[in-house]
$ cat run.csv   # CSV, N, CA and C atoms and all ligand atoms
chain,number,residue,atom,x,y,z
R,250,MET,N,-30.0,-78.1,-58.2
R,250,MET,CA,-31.3,-77.4,-58.3
R,250,MET,C,-31.5,-76.5,-57.1
R,251,PRO,N,-31.7,-75.2,-57.4
R,251,PRO,CA,-31.8,-74.3,-56.2
R,251,PRO,C,-33.1,-74.5,-55.4
R,252,THR,N,-33.0,-74.2,-54.2
R,252,THR,CA,-34.1,-74.2,-53.3
R,252,THR,C,-34.6,-72.8,-53.1
R,253,TYR,N,-35.9,-72.6,-53.2
R,253,TYR,CA,-36.5,-71.3,-53.0
R,253,TYR,C,-37.4,-71.4,-51.8
R,254,GLU,N,-37.4,-70.3,-51.0
R,254,GLU,CA,-38.2,-70.2,-49.9
R,254,GLU,C,-39.4,-69.3,-50.2
R,255,TYR,N,-40.6,-69.7,-49.8
R,255,TYR,CA,-41.8,-68.9,-50.1
R,255,TYR,C,-42.5,-68.6,-48.8
R,256,GLU,N,-43.2,-67.5,-48.8
R,256,GLU,CA,-44.0,-67.1,-47.6
R,256,GLU,C,-45.4,-66.8,-48.1
R,257,CYS,N,-46.3,-67.3,-47.4
R,257,CYS,CA,-47.7,-67.1,-47.7
R,257,CYS,C,-48.1,-65.7,-47.3
R,258,ARG,N,-48.8,-65.0,-48.2
R,258,ARG,CA,-49.3,-63.6,-47.9
R,258,ARG,C,-50.4,-63.6,-46.9
R,259,SER,N,-51.1,-64.7,-46.8
R,259,SER,CA,-52.3,-64.8,-46.0
R,259,SER,C,-52.0,-65.4,-44.6
R,260,CYS,N,-51.4,-66.6,-44.5
R,260,CYS,CA,-51.2,-67.2,-43.2
R,260,CYS,C,-49.8,-67.2,-42.8
R,261,ASN,N,-48.9,-66.6,-43.6
R,261,ASN,CA,-47.5,-66.4,-43.3
R,261,ASN,C,-46.7,-67.7,-43.2
R,262,ALA,N,-47.3,-68.8,-43.7
R,262,ALA,CA,-46.6,-70.1,-43.6
R,262,ALA,C,-45.4,-70.0,-44.5
R,263,ARG,N,-44.3,-70.6,-44.1
R,263,ARG,CA,-43.1,-70.6,-44.9
R,263,ARG,C,-42.8,-72.0,-45.3
R,264,PHE,N,-42.4,-72.1,-46.5
R,264,PHE,CA,-42.0,-73.5,-47.0
R,264,PHE,C,-41.0,-73.3,-48.1
R,265,GLU,N,-40.3,-74.4,-48.4
R,265,GLU,CA,-39.2,-74.4,-49.4
R,265,GLU,C,-39.6,-75.4,-50.5
R,266,ARG,N,-39.2,-75.0,-51.7
R,266,ARG,CA,-39.4,-75.8,-52.9
R,266,ARG,C,-38.1,-75.8,-53.7
R,267,SER,N,-37.8,-76.9,-54.2
R,267,SER,CA,-36.6,-77.0,-55.1
R,267,SER,C,-37.2,-77.1,-56.5
R,268,HIS,N,-36.8,-76.2,-57.4
R,268,HIS,CA,-37.2,-76.4,-58.8
R,268,HIS,C,-36.2,-75.6,-59.6
R,269,GLY,N,-36.2,-75.9,-60.9
R,269,GLY,CA,-35.2,-75.2,-61.8
R,269,GLY,C,-35.7,-73.9,-62.1
R,270,MET,N,-34.8,-73.1,-62.7
R,270,MET,CA,-35.1,-71.7,-63.1
R,270,MET,C,-36.3,-71.7,-64.1
R,271,THR,N,-36.3,-72.7,-64.9
R,271,THR,CA,-37.3,-72.7,-66.0
R,271,THR,C,-38.6,-73.2,-65.6
R,272,GLU,N,-38.7,-73.9,-64.5
R,272,GLU,CA,-40.0,-74.3,-64.1
R,272,GLU,C,-40.7,-73.2,-63.4
R,273,SER,N,-42.0,-73.3,-63.5
R,273,SER,CA,-42.9,-72.2,-62.9
R,273,SER,C,-42.8,-72.3,-61.4
R,274,PRO,N,-42.6,-71.1,-60.8
R,274,PRO,CA,-42.5,-71.0,-59.3
R,274,PRO,C,-43.9,-71.4,-58.7
R,275,VAL,N,-43.7,-71.7,-57.4
R,275,VAL,CA,-44.9,-72.0,-56.6
R,275,VAL,C,-45.7,-70.7,-56.5
R,276,SER,N,-47.0,-70.7,-56.6
R,276,SER,CA,-47.8,-69.5,-56.5
R,276,SER,C,-48.9,-69.6,-55.5
R,277,GLU,N,-49.1,-70.8,-55.0
R,277,GLU,CA,-50.2,-71.0,-54.0
R,277,GLU,C,-49.7,-71.6,-52.7
R,278,CYS,N,-50.2,-71.1,-51.6
R,278,CYS,CA,-49.8,-71.7,-50.3
R,278,CYS,C,-50.4,-73.1,-50.2
R,279,PRO,N,-49.5,-74.1,-49.8
R,279,PRO,CA,-50.0,-75.5,-49.7
R,279,PRO,C,-51.0,-75.6,-48.5
R,280,SER,N,-51.0,-74.7,-47.6
R,280,SER,CA,-52.0,-74.8,-46.5
R,280,SER,C,-53.3,-74.2,-46.7
R,281,CYS,N,-53.3,-72.9,-47.3
R,281,CYS,CA,-54.5,-72.2,-47.4
R,281,CYS,C,-54.8,-71.8,-48.8
R,282,GLY,N,-53.9,-72.0,-49.8
R,282,GLY,CA,-54.2,-71.7,-51.2
R,282,GLY,C,-54.1,-70.3,-51.5
R,283,ALA,N,-53.7,-69.4,-50.6
R,283,ALA,CA,-53.5,-68.0,-50.9
R,283,ALA,C,-52.2,-67.8,-51.7
R,284,GLU,N,-52.1,-66.6,-52.2
R,284,GLU,CA,-50.9,-66.2,-52.9
R,284,GLU,C,-49.7,-66.2,-52.0
R,285,VAL,N,-48.6,-66.7,-52.6
R,285,VAL,CA,-47.3,-66.7,-51.9
R,285,VAL,C,-46.3,-65.8,-52.6
R,286,ARG,N,-45.3,-65.4,-51.8
R,286,ARG,CA,-44.2,-64.6,-52.4
R,286,ARG,C,-43.0,-65.3,-52.1
R,287,LYS,N,-42.0,-65.1,-53.0
R,287,LYS,CA,-40.7,-65.7,-52.8
R,287,LYS,C,-39.9,-64.9,-51.7
R,288,VAL,N,-39.3,-65.6,-50.9
R,288,VAL,CA,-38.4,-64.9,-49.9
R,288,VAL,C,-37.0,-65.0,-50.4
R,289,PHE,N,-36.4,-63.8,-50.6
R,289,PHE,CA,-35.1,-63.7,-51.0
R,289,PHE,C,-34.1,-63.5,-49.9
R,290,HIS,N,-33.1,-64.3,-49.8
R,290,HIS,CA,-32.1,-64.2,-48.8
R,290,HIS,C,-31.0,-63.3,-49.3
R,291,THR,N,-31.0,-62.1,-48.8
R,291,THR,CA,-30.0,-61.2,-49.3
R,291,THR,C,-29.0,-60.8,-48.1
R,292,PRO,N,-28.0,-61.6,-48.0
R,292,PRO,CA,-27.0,-61.2,-46.9
R,292,PRO,C,-26.5,-59.8,-47.1
R,293,GLY,N,-26.2,-59.1,-46.1
R,293,GLY,CA,-25.7,-57.8,-46.1
R,293,GLY,C,-24.3,-57.8,-46.7
R,294,MET,N,-23.7,-56.6,-46.6
R,294,MET,CA,-22.3,-56.5,-47.1
R,294,MET,C,-21.4,-57.3,-46.2
R,295,VAL,N,-20.9,-58.4,-46.6
R,295,VAL,CA,-20.1,-59.2,-45.8
R,295,VAL,C,-18.8,-59.5,-46.5
R,296,VAL,N,-17.7,-59.1,-45.9
R,296,VAL,CA,-16.4,-59.3,-46.5
R,296,VAL,C,-15.5,-60.2,-45.7
R,297,LYS,N,-14.9,-61.1,-46.3
R,297,LYS,CA,-14.0,-61.9,-45.5
R,297,LYS,C,-12.7,-61.2,-45.2
R,298,GLY,N,-12.4,-61.1,-43.9
R,298,GLY,CA,-11.2,-60.5,-43.5
R,298,GLY,C,-10.0,-61.5,-43.3
R,299,ASN,N,-8.9,-61.0,-43.0
R,299,ASN,CA,-7.7,-61.8,-42.9
R,299,ASN,C,-7.9,-62.8,-41.7
R,300,GLY,N,-8.7,-62.4,-40.7
R,300,GLY,CA,-8.8,-63.2,-39.5
R,300,GLY,C,-9.6,-64.5,-39.8
R,301,GLY,N,-10.2,-64.6,-40.9
R,301,GLY,CA,-10.9,-65.8,-41.2
R,301,GLY,C,-12.4,-65.7,-40.9
R,302,GLY,N,-12.8,-64.7,-40.1
R,302,GLY,CA,-14.2,-64.5,-39.8
R,302,GLY,C,-14.8,-63.6,-40.9
R,303,SER,N,-16.1,-63.5,-40.7
R,303,SER,CA,-16.8,-62.6,-41.7
R,303,SER,C,-16.7,-61.2,-41.2
R,304,CYS,N,-16.7,-60.3,-42.1
R,304,CYS,CA,-16.4,-58.9,-41.8
R,304,CYS,C,-17.5,-58.0,-42.4
R,305,ALA,N,-18.3,-57.5,-41.5
R,305,ALA,CA,-19.4,-56.6,-42.0
R,305,ALA,C,-19.0,-55.2,-41.7
R,306,ALA,N,-18.9,-54.4,-42.7
R,306,ALA,CA,-18.5,-53.0,-42.6
R,306,ALA,C,-17.2,-52.8,-41.8
R,307,GLY,N,-16.3,-53.7,-42.0
R,307,GLY,CA,-15.0,-53.6,-41.4
R,307,GLY,C,-14.8,-54.0,-39.9
R,308,ARG,N,-15.9,-54.4,-39.3
R,308,ARG,CA,-15.9,-54.8,-37.9
R,308,ARG,C,-16.6,-56.1,-37.7
R,309,ASP,N,-16.1,-56.8,-36.8
R,309,ASP,CA,-16.7,-58.1,-36.5
R,309,ASP,C,-17.9,-57.8,-35.5
R,310,THR,N,-18.5,-58.8,-35.0
R,310,THR,CA,-19.7,-58.6,-34.2
R,310,THR,C,-19.4,-58.0,-32.9
R,311,ALA,N,-18.1,-58.0,-32.5
R,311,ALA,CA,-17.7,-57.4,-31.2
R,311,ALA,C,-17.3,-56.0,-31.4
R,312,GLY,N,-17.4,-55.5,-32.6
R,312,GLY,CA,-17.1,-54.1,-32.9
R,312,GLY,C,-15.6,-53.8,-33.1
R,313,GLN,N,-14.9,-54.9,-33.2
R,313,GLN,CA,-13.5,-54.8,-33.5
R,313,GLN,C,-13.2,-54.8,-35.0
R,314,PRO,N,-12.2,-54.1,-35.4
R,314,PRO,CA,-11.8,-54.2,-36.8
R,314,PRO,C,-11.4,-55.7,-37.1
R,315,CYS,N,-12.0,-56.3,-38.0
R,315,CYS,CA,-11.9,-57.8,-38.1
R,315,CYS,C,-10.6,-58.1,-38.9
R,316,CYS,N,-10.1,-57.2,-39.7
R,316,CYS,CA,-9.1,-57.6,-40.6
R,316,CYS,C,-7.8,-56.9,-40.3
R,317,MET,N,-7.7,-56.4,-39.0
R,317,MET,CA,-6.4,-55.9,-38.5
R,317,MET,C,-5.7,-54.9,-39.4
R,318,GLY,N,-6.4,-53.8,-39.7
R,318,GLY,CA,-5.7,-52.8,-40.4
R,318,GLY,C,-6.4,-52.4,-41.7
R,319,GLY,N,-7.5,-53.0,-41.9
R,319,GLY,CA,-8.3,-52.6,-43.1
R,319,GLY,C,-7.9,-53.2,-44.4
R,320,SER,N,-7.3,-54.4,-44.4
R,320,SER,CA,-6.9,-55.0,-45.6
R,320,SER,C,-8.2,-55.4,-46.4
R,321,CYS,N,-9.3,-55.5,-45.8
R,321,CYS,CA,-10.5,-55.9,-46.5
R,321,CYS,C,-11.1,-54.7,-47.2
R,322,GLY,N,-10.6,-53.5,-46.9
R,322,GLY,CA,-11.0,-52.3,-47.6
R,322,GLY,C,-12.3,-51.7,-47.0
R,323,MET,N,-12.8,-52.4,-45.9
R,323,MET,CA,-14.0,-51.9,-45.3
R,323,MET,C,-13.8,-51.1,-44.0
R,324,PHE,N,-12.7,-51.4,-43.4
R,324,PHE,CA,-12.5,-50.8,-42.1
R,324,PHE,C,-12.2,-49.3,-42.1
R,325,GLN,N,-13.0,-48.5,-41.4
R,325,GLN,CA,-12.9,-47.1,-41.3
R,325,GLN,C,-12.6,-46.7,-39.9
R,326,PRO,N,-11.4,-46.2,-39.6
R,326,PRO,CA,-11.0,-45.9,-38.2
R,326,PRO,C,-11.9,-44.8,-37.7
R,327,ASP,N,-12.3,-44.8,-36.5
R,327,ASP,CA,-13.1,-43.7,-35.9
R,327,ASP,C,-12.4,-42.4,-35.8
M,1,ZN,ZN,-51.3,-69.7,-46.5
$ encode --input "run.csv" --output "structure tokens"
Amino acid sequence: MPTYEYECRSCNARFERSHGMTESPVSECPSCGAEVRKVFHTPGMVVKGNGGGSCAAGRDTAGQPCCMGGSCGMFQPD
């Protein structure tokens, strides 16, 4: 069963609920009763490189080409 994260539009409280796709989503903040919105976790473009680390836009967090030659297809030489 997937877990969804919600954020209150009023008090910004965040909470998680597990429910199936067919069940109705949470619509009210448990603290203040205001309307909540679903928080979608959308990871950016992340490609696994040969080095085993994650590869965002062909470079790792240190700015180095993470896949040693662009095998991940993302690395663009300067
Ligand atoms: Zn609230």
$ residues_near_ligand --input "run.csv" --ligand "ligand ZN 1 (chain M)" --cutoff "6.5 Å" --atoms "only N, CA and C atoms and all ligand atoms" --output "list in words"
Cys257, Arg258, Ser259, Cys260, Asn261, Ala262, Cys278, Pro279, Ser280, Cys281, Gly282 and Ala283 of chain R
$ atom_distance --input "run.csv" --atom1 "atom N of Tyr253 in chain R" --atom2 "atom N of Glu265 in chain R"
6.8 Å
$ residues_around --input "run.csv" --residues "Val275 in chain R" --least-positions-apart "3" --cutoff "8 Å" --atoms "all atoms listed in the file" --output "PyMOL selection string"
chain R and resi 255+266+272+278+284-287
$ atom_distance --input "run.csv" --atom1 "atom C of Gly269 in chain R" --atom2 "atom C of Pro251 in chain R"
7.2 Å
$ atom_distance --input "run.csv" --atom1 "atom N of Arg263 in chain R" --atom2 "atom C of Met250 in chain R"
19.2 Å
